[in-house]
>>> print(open('model02.tsv').read())   # TSV, C-alpha atoms
chain	number	residue	atom	x	y	z
A	66	MET	CA	98.66	125.29	82.57
A	67	SER	CA	100.51	123.09	80.14
A	68	ILE	CA	102.46	126.07	78.84
A	69	LEU	CA	103.60	126.86	82.34
A	70	ASN	CA	104.53	123.26	82.99
A	71	LEU	CA	106.47	122.74	79.81
A	72	PRO	CA	109.68	124.60	80.74
A	73	LEU	CA	109.56	123.02	84.19
A	74	GLU	CA	109.41	119.60	82.60
A	75	PHE	CA	112.44	120.25	80.48
A	76	THR	CA	114.53	121.61	83.28
A	77	GLY	CA	113.32	118.83	85.51
A	78	ALA	CA	114.43	115.97	83.31
A	79	PRO	CA	118.20	116.64	83.28
A	80	HIS	CA	118.06	117.24	87.03
A	81	ASN	CA	116.65	113.78	87.54
A	82	CYS	CA	119.32	112.23	85.40
A	83	GLY	CA	122.00	114.17	87.21
A	84	ARG	CA	120.86	112.95	90.58
A	85	HIS	CA	121.34	109.35	89.57
A	86	SER	CA	124.71	109.87	87.96
A	87	PRO	CA	127.56	112.13	89.09
A	88	GLN	CA	129.06	114.21	86.29
A	89	ASN	CA	132.48	112.54	86.31
A	90	THR	CA	131.10	109.09	85.51
A	91	PHE	CA	128.88	110.35	82.77
A	92	SER	CA	129.96	107.90	80.08
A	93	SER	CA	129.40	104.80	82.21
A	94	SER	CA	126.13	106.04	83.59
A	95	HIS	CA	125.02	106.93	80.12
A	96	ALA	CA	125.68	103.35	79.04
A	97	GLN	CA	123.70	102.18	82.05
A	98	LEU	CA	120.79	104.39	81.15
A	99	SER	CA	120.83	103.31	77.53
A	100	ILE	CA	120.15	99.74	78.67
A	101	MET	CA	116.75	100.95	79.82
A	102	THR	CA	114.61	100.31	76.79
A	103	VAL	CA	110.89	100.89	76.96
A	104	PHE	CA	109.21	99.10	74.09
A	105	SER	CA	105.60	100.03	74.57
A	106	LEU	CA	102.84	101.01	76.94
A	107	ILE	CA	99.31	99.67	77.13
A	108	ILE	CA	96.56	101.00	79.38
A	109	ILE	CA	93.59	98.75	80.12
A	110	ASN	CA	90.46	100.10	81.80
A	111	LYS	CA	88.71	98.36	84.66
A	112	ALA	CA	86.42	96.45	82.32
A	113	GLY	CA	89.30	94.97	80.33
A	114	GLY	CA	89.02	97.33	77.38
A	115	LEU	CA	92.08	98.74	75.67
A	116	ILE	CA	92.17	102.51	76.12
A	117	TYR	CA	95.75	103.36	75.18
A	118	GLN	CA	98.47	101.67	73.19
A	119	ARG	CA	101.70	103.21	72.08
A	120	GLU	CA	105.03	101.95	70.86
A	121	PHE	CA	108.13	103.90	71.87
A	122	GLN	CA	110.95	101.78	70.52
A	123	PRO	CA	110.94	98.91	68.06
A	124	GLY	CA	111.68	95.48	69.46
A	125	LEU	CA	108.34	93.78	69.77
A	126	ARG	CA	106.26	92.59	66.88
A	127	LYS	CA	103.56	94.92	65.66
A	128	LEU	CA	100.03	93.69	66.02
A	129	SER	CA	96.83	94.87	64.43
A	130	THR	CA	94.47	97.03	66.46
A	131	ASN	CA	92.13	94.09	66.78
A	132	ASP	CA	94.92	91.90	68.16
A	133	TYR	CA	95.77	94.54	70.74
A	134	LEU	CA	92.14	94.61	71.85
A	135	VAL	CA	92.15	90.82	72.18
A	136	LEU	CA	95.44	90.98	74.07
A	137	ALA	CA	94.05	93.52	76.52
A	138	GLY	CA	90.96	91.44	77.16
A	139	THR	CA	92.96	88.25	77.57
A	140	PHE	CA	95.39	89.86	79.94
A	141	HIS	CA	92.54	91.25	82.00
A	142	GLY	CA	91.16	87.74	82.48
A	143	VAL	CA	94.54	86.13	83.12
A	144	HIS	CA	95.35	88.81	85.67
A	145	ALA	CA	92.23	87.89	87.64
A	146	ILE	CA	93.01	84.17	87.45
A	147	THR	CA	96.60	84.64	88.64
A	148	ARG	CA	95.15	86.17	91.76
A	149	THR	CA	92.76	83.28	92.39
A	150	ILE	CA	95.46	80.60	92.06
A	151	THR	CA	97.48	82.12	94.89
A	152	PRO	CA	98.59	79.21	97.08
A	153	ARG	CA	96.65	78.96	100.32
A	154	LEU	CA	98.54	77.71	103.30
A	155	PRO	CA	96.37	75.89	105.81
A	156	LEU	CA	96.81	77.15	109.31
A	157	GLN	CA	98.51	74.66	111.58
A	158	ASN	CA	96.10	74.61	114.51
A	159	THR	CA	93.14	76.51	115.83
A	160	ALA	CA	95.27	78.77	118.01
A	161	SER	CA	97.27	80.28	115.15
A	162	PRO	CA	94.65	82.32	113.20
A	163	VAL	CA	95.28	85.18	115.58
A	164	VAL	CA	98.93	85.21	114.57
A	165	ALA	CA	98.34	84.98	110.85
A	166	SER	CA	95.51	87.43	110.46
A	167	PRO	CA	96.68	90.99	111.28
A	168	GLY	CA	96.56	93.35	108.36
A	169	THR	CA	95.43	90.80	105.80
A	170	ASN	CA	92.15	90.65	104.04
A	171	ALA	CA	92.62	86.92	103.71
A	172	PRO	CA	89.58	85.11	105.00
A	173	THR	CA	90.60	83.57	108.28
A	174	THR	CA	87.36	81.77	108.99
A	175	SER	CA	88.15	78.96	106.55
A	176	GLY	CA	91.54	78.44	108.17
A	177	TYR	CA	94.19	79.43	105.66
A	178	SER	CA	96.58	82.26	105.09
A	179	TYR	CA	98.46	83.59	102.10
A	180	PRO	CA	102.22	83.01	101.79
A	181	ASN	CA	102.96	86.66	102.28
A	182	PRO	CA	100.65	87.74	105.08
A	183	GLY	CA	100.17	91.46	105.45
A	184	VAL	CA	100.15	92.03	101.70
A	185	PRO	CA	96.83	91.65	99.86
A	186	ALA	CA	96.89	89.04	97.11
A	187	SER	CA	97.50	90.73	93.79
A	188	GLY	CA	97.45	89.52	90.23
A	189	LEU	CA	100.42	89.28	87.92
A	190	GLU	CA	102.96	92.03	88.55
A	191	TYR	CA	106.04	91.03	86.52
A	192	LEU	CA	106.27	88.68	83.60
A	193	GLU	CA	109.67	87.65	82.29
A	194	THR	CA	110.33	86.17	78.89
A	195	GLU	CA	113.49	85.70	76.85
A	196	LYS	CA	112.88	88.86	74.84
A	197	PHE	CA	111.10	91.30	77.10
A	198	ARG	CA	109.84	92.02	80.58
A	199	LEU	CA	106.28	93.04	81.26
A	200	THR	CA	105.44	95.09	84.33
A	201	CYS	CA	101.81	95.47	85.30
A	202	PHE	CA	100.66	98.17	87.68
A	203	GLN	CA	97.06	98.20	88.79
A	204	THR	CA	95.68	101.37	90.27
A	205	LEU	CA	93.21	101.34	93.15
A	206	THR	CA	90.40	101.98	90.70
A	207	GLY	CA	91.28	98.96	88.57
A	208	THR	CA	93.03	100.59	85.63
A	209	LYS	CA	96.05	98.56	84.53
A	210	PHE	CA	99.27	99.97	83.09
A	211	LEU	CA	101.30	97.45	81.11
A	212	LEU	CA	104.87	98.45	80.40
A	213	PHE	CA	107.01	96.37	78.07
A	214	THR	CA	110.72	96.83	78.66
A	215	ASP	CA	114.02	95.17	77.94
A	216	PRO	CA	114.57	92.12	80.19
A	217	MET	CA	117.77	93.68	81.58
A	218	THR	CA	116.02	96.84	82.71
A	219	GLY	CA	116.56	97.61	86.37
A	220	SER	CA	113.96	99.64	88.22
A	221	VAL	CA	110.79	100.01	86.24
A	222	GLU	CA	109.10	101.51	89.28
A	223	THR	CA	110.30	105.04	88.60
A	224	VAL	CA	109.13	104.89	85.00
A	225	MET	CA	105.79	103.43	86.05
A	226	ASN	CA	105.27	106.07	88.73
A	227	LYS	CA	106.06	108.86	86.29
A	228	ILE	CA	103.67	107.43	83.71
A	229	TYR	CA	100.92	107.24	86.33
A	230	GLU	CA	101.67	110.81	87.33
A	231	LEU	CA	101.46	111.99	83.73
A	232	TYR	CA	98.23	110.02	83.28
A	233	ALA	CA	96.75	111.68	86.35
A	234	ASP	CA	97.87	115.13	85.20
A	235	TYR	CA	97.06	115.06	81.52
A	236	VAL	CA	94.32	112.46	81.14
A	237	MET	CA	92.31	112.51	84.34
A	238	LYS	CA	92.49	116.28	84.70
A	239	ASN	CA	91.49	116.80	81.09
A	240	PRO	CA	87.91	118.10	81.27
A	241	PHE	CA	87.09	116.63	77.86
A	242	TYR	CA	88.22	113.10	78.71
A	243	GLN	CA	85.39	110.63	79.16
A	244	LEU	CA	86.11	107.98	81.77
A	245	GLU	CA	86.81	104.43	80.54
A	246	MET	CA	87.03	105.65	76.96
A	247	PRO	CA	90.12	105.56	74.71
A	248	VAL	CA	92.72	108.13	75.69
A	249	ARG	CA	93.15	110.77	73.03
A	250	CYS	CA	95.04	113.50	74.83
A	251	GLU	CA	97.75	115.22	72.89
A	252	ALA	CA	99.38	116.66	76.00
A	253	PHE	CA	99.73	113.18	77.50
A	254	ASP	CA	101.35	111.82	74.34
A	255	ARG	CA	103.72	114.76	74.14
A	256	HIS	CA	104.85	114.66	77.76
A	257	LEU	CA	105.20	110.90	77.79
A	258	ALA	CA	107.37	110.93	74.69
A	259	ALA	CA	109.46	113.82	75.96
A	260	TRP	CA	110.05	112.25	79.36
A	261	LEU	CA	110.93	108.82	77.99
A	262	ARG	CA	113.27	110.35	75.42
A	263	GLY	CA	115.03	112.17	78.22
A	264	ARG	CA	115.52	108.94	80.14
A	265	THR	CA	116.41	106.28	77.62
B	80	MET	CA	112.90	78.92	99.27
B	81	THR	CA	109.56	77.15	99.42
B	82	VAL	CA	107.96	75.17	96.64
B	83	TYR	CA	104.17	75.25	96.80
B	84	SER	CA	103.11	73.07	93.92
B	85	PHE	CA	104.22	71.41	90.72
B	86	TYR	CA	102.25	70.48	87.61
B	87	ILE	CA	102.96	68.64	84.36
B	88	PHE	CA	100.65	69.13	81.38
B	89	ASP	CA	100.83	66.98	78.26
B	90	ARG	CA	100.29	68.11	74.68
B	91	HIS	CA	96.57	67.41	74.93
B	92	ALA	CA	96.23	70.10	77.61
B	93	GLU	CA	95.64	67.45	80.25
B	94	CYS	CA	97.21	67.62	83.68
B	95	ILE	CA	99.18	64.37	83.92
B	96	TYR	CA	100.88	65.07	87.22
B	97	LYS	CA	100.11	67.33	90.11
B	98	ARG	CA	101.75	67.61	93.47
B	99	ARG	CA	101.40	70.09	96.24
B	100	TRP	CA	103.71	70.67	99.15
B	101	LEU	CA	102.44	72.08	102.36
B	102	PRO	CA	104.94	74.29	104.10
B	103	ARG	CA	106.91	73.03	106.99
B	104	PRO	CA	105.24	73.85	110.30
B	105	THR	CA	106.96	76.86	111.76
B	106	SER	CA	107.84	76.12	115.36
B	107	VAL	CA	104.56	74.71	116.57
B	108	GLY	CA	105.40	73.88	120.16
B	109	GLY	CA	108.96	73.04	119.16
B	110	LYS	CA	108.01	69.59	117.86
B	111	PRO	CA	110.24	68.36	115.03
B	112	GLN	CA	107.44	67.22	112.74
B	113	THR	CA	109.09	68.15	109.47
B	114	GLN	CA	108.12	65.07	107.49
B	115	ALA	CA	104.45	65.03	108.36
B	116	GLY	CA	103.17	67.90	106.26
B	117	LEU	CA	105.61	67.55	103.41
B	118	GLY	CA	104.63	66.01	100.13
B	119	GLN	CA	101.05	64.97	99.86
B	120	THR	CA	99.58	64.02	96.56
B	121	VAL	CA	96.44	66.04	96.17
B	122	ARG	CA	93.22	64.39	95.11
B	123	ALA	CA	91.89	65.30	91.73
B	124	GLY	CA	88.65	67.20	91.90
B	125	ASP	CA	89.56	70.79	92.56
B	126	ASP	CA	90.25	72.68	89.38
B	127	ASP	CA	93.45	74.41	90.35
B	128	ALA	CA	95.27	72.62	87.59
B	129	LYS	CA	92.80	73.83	84.98
B	130	LEU	CA	93.22	77.43	86.07
B	131	VAL	CA	97.00	77.10	86.03
B	132	PHE	CA	96.89	75.60	82.57
B	133	GLY	CA	94.61	78.34	81.30
B	134	THR	CA	96.89	81.02	82.67
B	135	VAL	CA	100.05	79.48	81.30
B	136	PHE	CA	98.49	78.78	77.92
B	137	SER	CA	97.14	82.32	77.49
B	138	LEU	CA	100.37	83.95	78.62
B	139	ARG	CA	102.43	81.73	76.34
B	140	ASN	CA	100.30	82.67	73.35
B	141	MET	CA	100.45	86.33	74.29
B	142	VAL	CA	104.23	86.24	74.60
B	143	ARG	CA	104.61	84.42	71.28
B	144	LYS	CA	102.43	86.99	69.59
B	145	LEU	CA	104.49	89.89	70.90
B	146	GLY	CA	108.00	88.48	71.04
B	147	GLY	CA	107.95	86.19	68.03
B	148	GLU	CA	107.51	82.44	67.64
B	149	GLU	CA	110.76	81.52	69.36
B	150	ASP	CA	110.11	83.61	72.45
B	151	ASN	CA	109.04	81.81	75.59
B	152	PHE	CA	107.83	83.02	78.90
B	153	VAL	CA	110.02	82.08	81.84
B	154	SER	CA	108.22	83.18	84.97
B	155	TYR	CA	105.78	85.64	86.42
B	156	THR	CA	105.53	87.17	89.86
B	157	THR	CA	102.61	88.41	91.89
B	158	SER	CA	102.72	89.91	95.38
B	159	GLN	CA	102.33	86.40	96.85
B	160	TYR	CA	104.02	83.82	94.68
B	161	LYS	CA	106.13	83.15	91.62
B	162	LEU	CA	105.24	80.80	88.79
B	163	HIS	CA	108.00	79.17	86.74
B	164	TYR	CA	107.39	77.66	83.36
B	165	TYR	CA	109.29	75.34	81.09
B	166	GLU	CA	108.05	73.77	77.89
B	167	THR	CA	109.77	70.92	76.09
B	168	PRO	CA	109.94	70.76	72.28
B	169	THR	CA	107.26	68.06	72.50
B	170	ASN	CA	104.86	70.51	74.16
B	171	ILE	CA	105.01	69.00	77.62
B	172	LYS	CA	104.65	71.87	80.06
B	173	PHE	CA	106.28	71.95	83.48
B	174	VAL	CA	104.94	74.49	85.95
B	175	MET	CA	106.16	75.20	89.45
B	176	LEU	CA	104.80	77.63	92.02
B	177	THR	CA	107.31	78.90	94.55
B	178	ASP	CA	107.67	81.76	96.98
B	179	LEU	CA	108.99	85.16	95.93
B	180	LYS	CA	112.54	84.63	97.18
B	181	SER	CA	113.30	81.80	94.79
B	182	PRO	CA	115.81	82.32	91.97
B	183	SER	CA	114.97	81.38	88.39
B	184	MET	CA	113.85	77.76	88.33
B	185	ARG	CA	114.09	77.33	84.57
B	186	ILE	CA	117.21	75.17	84.86
B	187	ALA	CA	115.65	73.20	87.71
B	188	LEU	CA	112.55	72.45	85.66
B	189	GLN	CA	114.73	71.43	82.75
B	190	GLN	CA	116.64	69.13	85.09
B	191	ILE	CA	113.39	67.58	86.27
B	192	TYR	CA	112.50	66.90	82.66
B	193	ILE	CA	115.88	65.48	81.65
B	194	ASN	CA	116.90	63.61	84.78
B	195	LEU	CA	113.56	62.52	86.19
B	196	PHE	CA	110.81	62.58	83.58
B	197	VAL	CA	112.83	61.14	80.70
B	198	GLU	CA	114.67	58.64	82.89
B	199	TYR	CA	111.79	57.30	84.94
B	200	VAL	CA	108.71	57.92	82.83
B	201	VAL	CA	109.70	58.00	79.17
B	202	LYS	CA	112.28	55.21	79.45
B	203	ASN	CA	110.02	53.04	81.58
B	204	PRO	CA	109.02	50.07	79.38
B	205	LEU	CA	105.79	49.59	81.33
B	206	SER	CA	104.63	53.19	80.95
B	207	PRO	CA	102.28	54.06	78.08
B	208	VAL	CA	103.23	56.59	75.38
B	209	GLU	CA	100.51	58.97	76.46
B	210	HIS	CA	99.57	59.39	80.08
B	211	PRO	CA	95.82	59.90	80.34
B	212	GLY	CA	94.91	60.64	83.93
B	213	GLY	CA	98.53	60.49	84.99
B	214	VAL	CA	99.03	56.78	84.23
B	215	GLY	CA	102.74	55.99	84.10
B	216	VAL	CA	103.88	59.27	85.61
B	217	ASN	CA	102.88	58.49	89.17
B	218	ASN	CA	105.43	55.71	89.61
B	219	GLU	CA	107.44	55.30	92.74
B	220	LEU	CA	110.84	56.20	91.31
B	221	PHE	CA	109.67	59.43	89.73
B	222	GLU	CA	107.74	60.58	92.76
B	223	GLY	CA	110.55	59.71	95.14
B	224	SER	CA	113.18	61.47	93.06
B	225	LEU	CA	110.98	64.53	92.59
B	226	GLU	CA	110.44	64.68	96.31
B	227	GLN	CA	114.18	64.49	96.89
B	228	PHE	CA	114.94	67.05	94.18
B	229	VAL	CA	112.50	69.61	95.53
B	230	ARG	CA	113.73	69.09	99.06
B	231	ASP	CA	117.33	69.67	97.91
B	232	GLN	CA	116.28	72.85	96.10
B	233	ALA	CA	114.48	74.08	99.17
B	234	THR	CA	117.35	73.52	101.57
B	235	PHE	CA	120.47	74.36	99.59
B	236	ARG	CA	119.45	77.64	98.02
>>> encode(input="model02.tsv", output="structure tokens")
Amino acid sequence: MSILNLPLEFTGAPHNCGRHSPQNTFSSSHAQLSIMTVFSLIIINKAGGLIYQREFQPGLRKLSTNDYLVLAGTFHGVHAITRTITPRLPLQNTASPVVASPGTNAPTTSGYSYPNPGVPASGLEYLETEKFRLTCFQTLTGTKFLLFTDPMTGSVETVMNKIYELYADYVMKNPFYQLEMPVRCEAFDRHLAAWLRGRT
Amino acid sequence: MTVYSFYIFDRHAECIYKRRWLPRPTSVGGKPQTQAGLGQTVRAGDDDAKLVFGTVFSLRNMVRKLGGEEDNFVSYTTSQYKLHYYETPTNIKFVMLTDLKSPSMRIALQQIYINLFVEYVVKNPLSPVEHPGGVGVNNELFEGSLEQFVRDQATFR
């Protein structure tokens, strides 16, 4: 299956680039693409354990394996806390809960709503610092993908979606992969590296 | 832009000032009651401030580990709110929670430090050097100016 997919991957990558940038403005679009710098990727399982860590481009400081494990655990906890400190807006009067409640899973019995009704409260999604930008994507099953990019990077969504797709294809569909355990799938590594090299 | 809450933590990890703004009532019967729900000092007792401090402290350490000692975290965003962070060289931490539409509040927090905190708290001869339990920070001038500053931010952006 991977042999069949390989040529498709390689023909697919330039197509994607071409769609974003017309041929005549290649130099400027190339400069725009080169801004996109992906420093590293971390995958944390639903229990807060580190299951994947990989550096793509230098830029961040290197940590020991132990430090990465601590980082993953810390982030897991912080992520949960950032969800609990979501501001709760008290409802104005007893007539309004009907207005504020549709589509939310915010408890309406205690008389408050979230600032952004209709969207479930999530934990940290983007973190901005002076040196990098961290994007966190949590899947429905609780796995977290942490992507460290350049602070100037535009849409991380496409990169994140592709990484999730590759994870689904080459990690979850790997019959030898044990759930919640460290990811050691060569095909995943290879495709990830190839796709990111084609983009950045 | 809406500001939900604002915290100041000193270098001993203690919350020395906390203020929460309830949002303006949105057209409840057309009554102009803008001032009523705005700006209420929240009683100590709930541990929101401790959770905020824990979050900010862990993230700051994480960022320093990855980005180097001089790196600092500026803000983070969830699906519901945005948290802005500013730390002075003397380790006083300013934290502000706003809605998602707000621009970067780093400059605003710095302005609060320079124009309000230093002017009305640090330069106040009656205020102690440290502020255990918020003593010296909760003076009238500081609170009034903060109120005004946040209201200006909320209306003119």
>>> closest_residue(input="model02.tsv", among="B:Tyr155, B:Tyr165, B:Tyr86, B:Phe221", to="B:Leu195", atoms="all atoms listed in the file")
B:Phe221
>>> atom_distance(input="model02.tsv", atom1="atom CA of B:Phe136", atom2="atom CA of B:Leu220")
29.0 Å
>>> interface_residues(input="model02.tsv", of="chain B", to="chain A", cutoff="7 Å", atoms="all atoms listed in the file", output="NGL selection string")
:B and (83 or 101 or 104 or 127 or 130 or 134 or 141 or 145-147 or 150-160)
>>> atom_distance(input="model02.tsv", atom1="atom CA of A:Arg264", atom2="atom CA of A:Lys209")
22.5 Å
>>> atom_distance(input="model02.tsv", atom1="atom CA of A:Ala252", atom2="atom CA of A:Pro216")
29.2 Å
>>> closest_residue(input="model02.tsv", among="B:His210, B:Lys129, B:Arg98, B:Arg139", to="B:Leu176", atoms="only C-alpha atoms")
B:Arg98
>>> closest_residue(input="model02.tsv", among="A:Thr206, A:Ser178, A:Asn239, A:Thr102", to="A:Gly219", atoms="all atoms listed in the file")
A:Thr102
>>> axis_aligned_box(input="model02.tsv", around="stretch 127-143 of chain B", padding_each_side="3 Å", output="AutoDock Vina command-line options")
--center_x 98.7 --center_y 79.5 --center_z 80.8 --size_x 17.8 --size_y 19.7 --size_z 25.1
>>> residues_near_point(input="model02.tsv", point="(105.3, 63.5, 88.8)", cutoff="9 Å", atoms="all atoms listed in the file", output="PyMOL selection string")
chain B and resi 85-87+95-98+195-196+200+213+216-218+221-222+225
>>> closest_residue(input="model02.tsv", among="B:Glu209, B:Asp89, B:Glu149, B:Glu198", to="B:Phe173", atoms="all atoms listed in the file")
B:Asp89
>>> residues_around(input="model02.tsv", residues="A:Met225", least_positions_apart="4", cutoff="10 Å", atoms="all atoms listed in the file", output="ChimeraX atom specification")
/A:106,200-202,210-212,220-221,229-231
>>> write_last_selection(input="model02.tsv", atoms="C-alpha atoms", output="PDB file, keeping the file's coordinate frame")
ATOM      1  CA  LEU A 106     102.840 101.010  76.940  1.00  0.00           C
ATOM      2  CA  THR A 200     105.440  95.090  84.330  1.00  0.00           C
ATOM      3  CA  CYS A 201     101.810  95.470  85.300  1.00  0.00           C
ATOM      4  CA  PHE A 202     100.660  98.170  87.680  1.00  0.00           C
ATOM      5  CA  PHE A 210      99.270  99.970  83.090  1.00  0.00           C
ATOM      6  CA  LEU A 211     101.300  97.450  81.110  1.00  0.00           C
ATOM      7  CA  LEU A 212     104.870  98.450  80.400  1.00  0.00           C
ATOM      8  CA  SER A 220     113.960  99.640  88.220  1.00  0.00           C
ATOM      9  CA  VAL A 221     110.790 100.010  86.240  1.00  0.00           C
ATOM     10  CA  TYR A 229     100.920 107.240  86.330  1.00  0.00           C
ATOM     11  CA  GLU A 230     101.670 110.810  87.330  1.00  0.00           C
ATOM     12  CA  LEU A 231     101.460 111.990  83.730  1.00  0.00           C
TER      13      LEU A 231
END
>>> residues_around(input="model02.tsv", residues="B:Ser206", least_positions_apart="2", cutoff="6 Å", atoms="all atoms listed in the file", output="list in words")
Asn203, Pro204 and Gly215 of chain B
>>> decode(input="model02.tsv", residues="stretch 219-259 of chain A", atoms="C-alpha atoms", output="PDB file, in the first residue's frame")
ATOM      1  CA  GLY A 219       0.291  32.086   8.455  1.00  0.00           C
ATOM      2  CA  SER A 220      -2.103  29.164   8.304  1.00  0.00           C
ATOM      3  CA  VAL A 221      -0.938  26.275  10.408  1.00  0.00           C
ATOM      4  CA  GLU A 222      -4.283  24.579   9.864  1.00  0.00           C
ATOM      5  CA  THR A 223      -3.295  22.974   6.576  1.00  0.00           C
ATOM      6  CA  VAL A 224      -0.085  21.613   8.050  1.00  0.00           C
ATOM      7  CA  MET A 225      -1.922  20.339  11.115  1.00  0.00           C
ATOM      8  CA  ASN A 226      -4.616  18.666   9.027  1.00  0.00           C
ATOM      9  CA  LYS A 227      -2.028  16.958   6.858  1.00  0.00           C
ATOM     10  CA  ILE A 228      -0.110  15.731   9.893  1.00  0.00           C
ATOM     11  CA  TYR A 229      -3.318  14.315  11.373  1.00  0.00           C
ATOM     12  CA  GLU A 230      -4.064  12.646   8.057  1.00  0.00           C
ATOM     13  CA  LEU A 231      -0.606  11.098   7.922  1.00  0.00           C
ATOM     14  CA  TYR A 232      -0.973   9.986  11.542  1.00  0.00           C
ATOM     15  CA  ALA A 233      -4.284   8.332  10.743  1.00  0.00           C
ATOM     16  CA  ASP A 234      -2.866   6.653   7.647  1.00  0.00           C
ATOM     17  CA  TYR A 235       0.513   5.476   8.839  1.00  0.00           C
ATOM     18  CA  VAL A 236       0.194   5.157  12.605  1.00  0.00           C
ATOM     19  CA  MET A 237      -3.397   4.220  13.328  1.00  0.00           C
ATOM     20  CA  LYS A 238      -3.655   1.893  10.344  1.00  0.00           C
ATOM     21  CA  ASN A 239      -0.391   0.208  11.204  1.00  0.00           C
ATOM     22  CA  PRO A 240      -1.408  -3.229  12.518  1.00  0.00           C
ATOM     23  CA  PHE A 241       1.684  -3.425  14.718  1.00  0.00           C
ATOM     24  CA  TYR A 242       1.094  -0.111  16.474  1.00  0.00           C
ATOM     25  CA  GLN A 243      -0.058  -0.445  20.065  1.00  0.00           C
ATOM     26  CA  LEU A 244      -2.444   2.296  21.135  1.00  0.00           C
ATOM     27  CA  GLU A 245      -1.125   4.959  23.539  1.00  0.00           C
ATOM     28  CA  MET A 246       2.421   3.689  23.097  1.00  0.00           C
ATOM     29  CA  PRO A 247       5.346   5.606  21.550  1.00  0.00           C
ATOM     30  CA  VAL A 248       5.048   5.945  17.785  1.00  0.00           C
ATOM     31  CA  ARG A 249       7.759   4.042  15.995  1.00  0.00           C
ATOM     32  CA  CYS A 250       6.499   3.908  12.435  1.00  0.00           C
ATOM     33  CA  GLU A 251       9.059   4.392   9.731  1.00  0.00           C
ATOM     34  CA  ALA A 252       6.446   5.147   7.080  1.00  0.00           C
ATOM     35  CA  PHE A 253       5.031   7.977   9.200  1.00  0.00           C
ATOM     36  CA  ASP A 254       8.476   9.518   9.702  1.00  0.00           C
ATOM     37  CA  ARG A 255       9.274   9.242   6.013  1.00  0.00           C
ATOM     38  CA  HIS A 256       6.029  10.749   4.744  1.00  0.00           C
ATOM     39  CA  LEU A 257       6.045  13.519   7.324  1.00  0.00           C
ATOM     40  CA  ALA A 258       9.575  14.533   6.423  1.00  0.00           C
ATOM     41  CA  ALA A 259       8.875  14.346   2.702  1.00  0.00           C
TER      42      ALA A 259
END
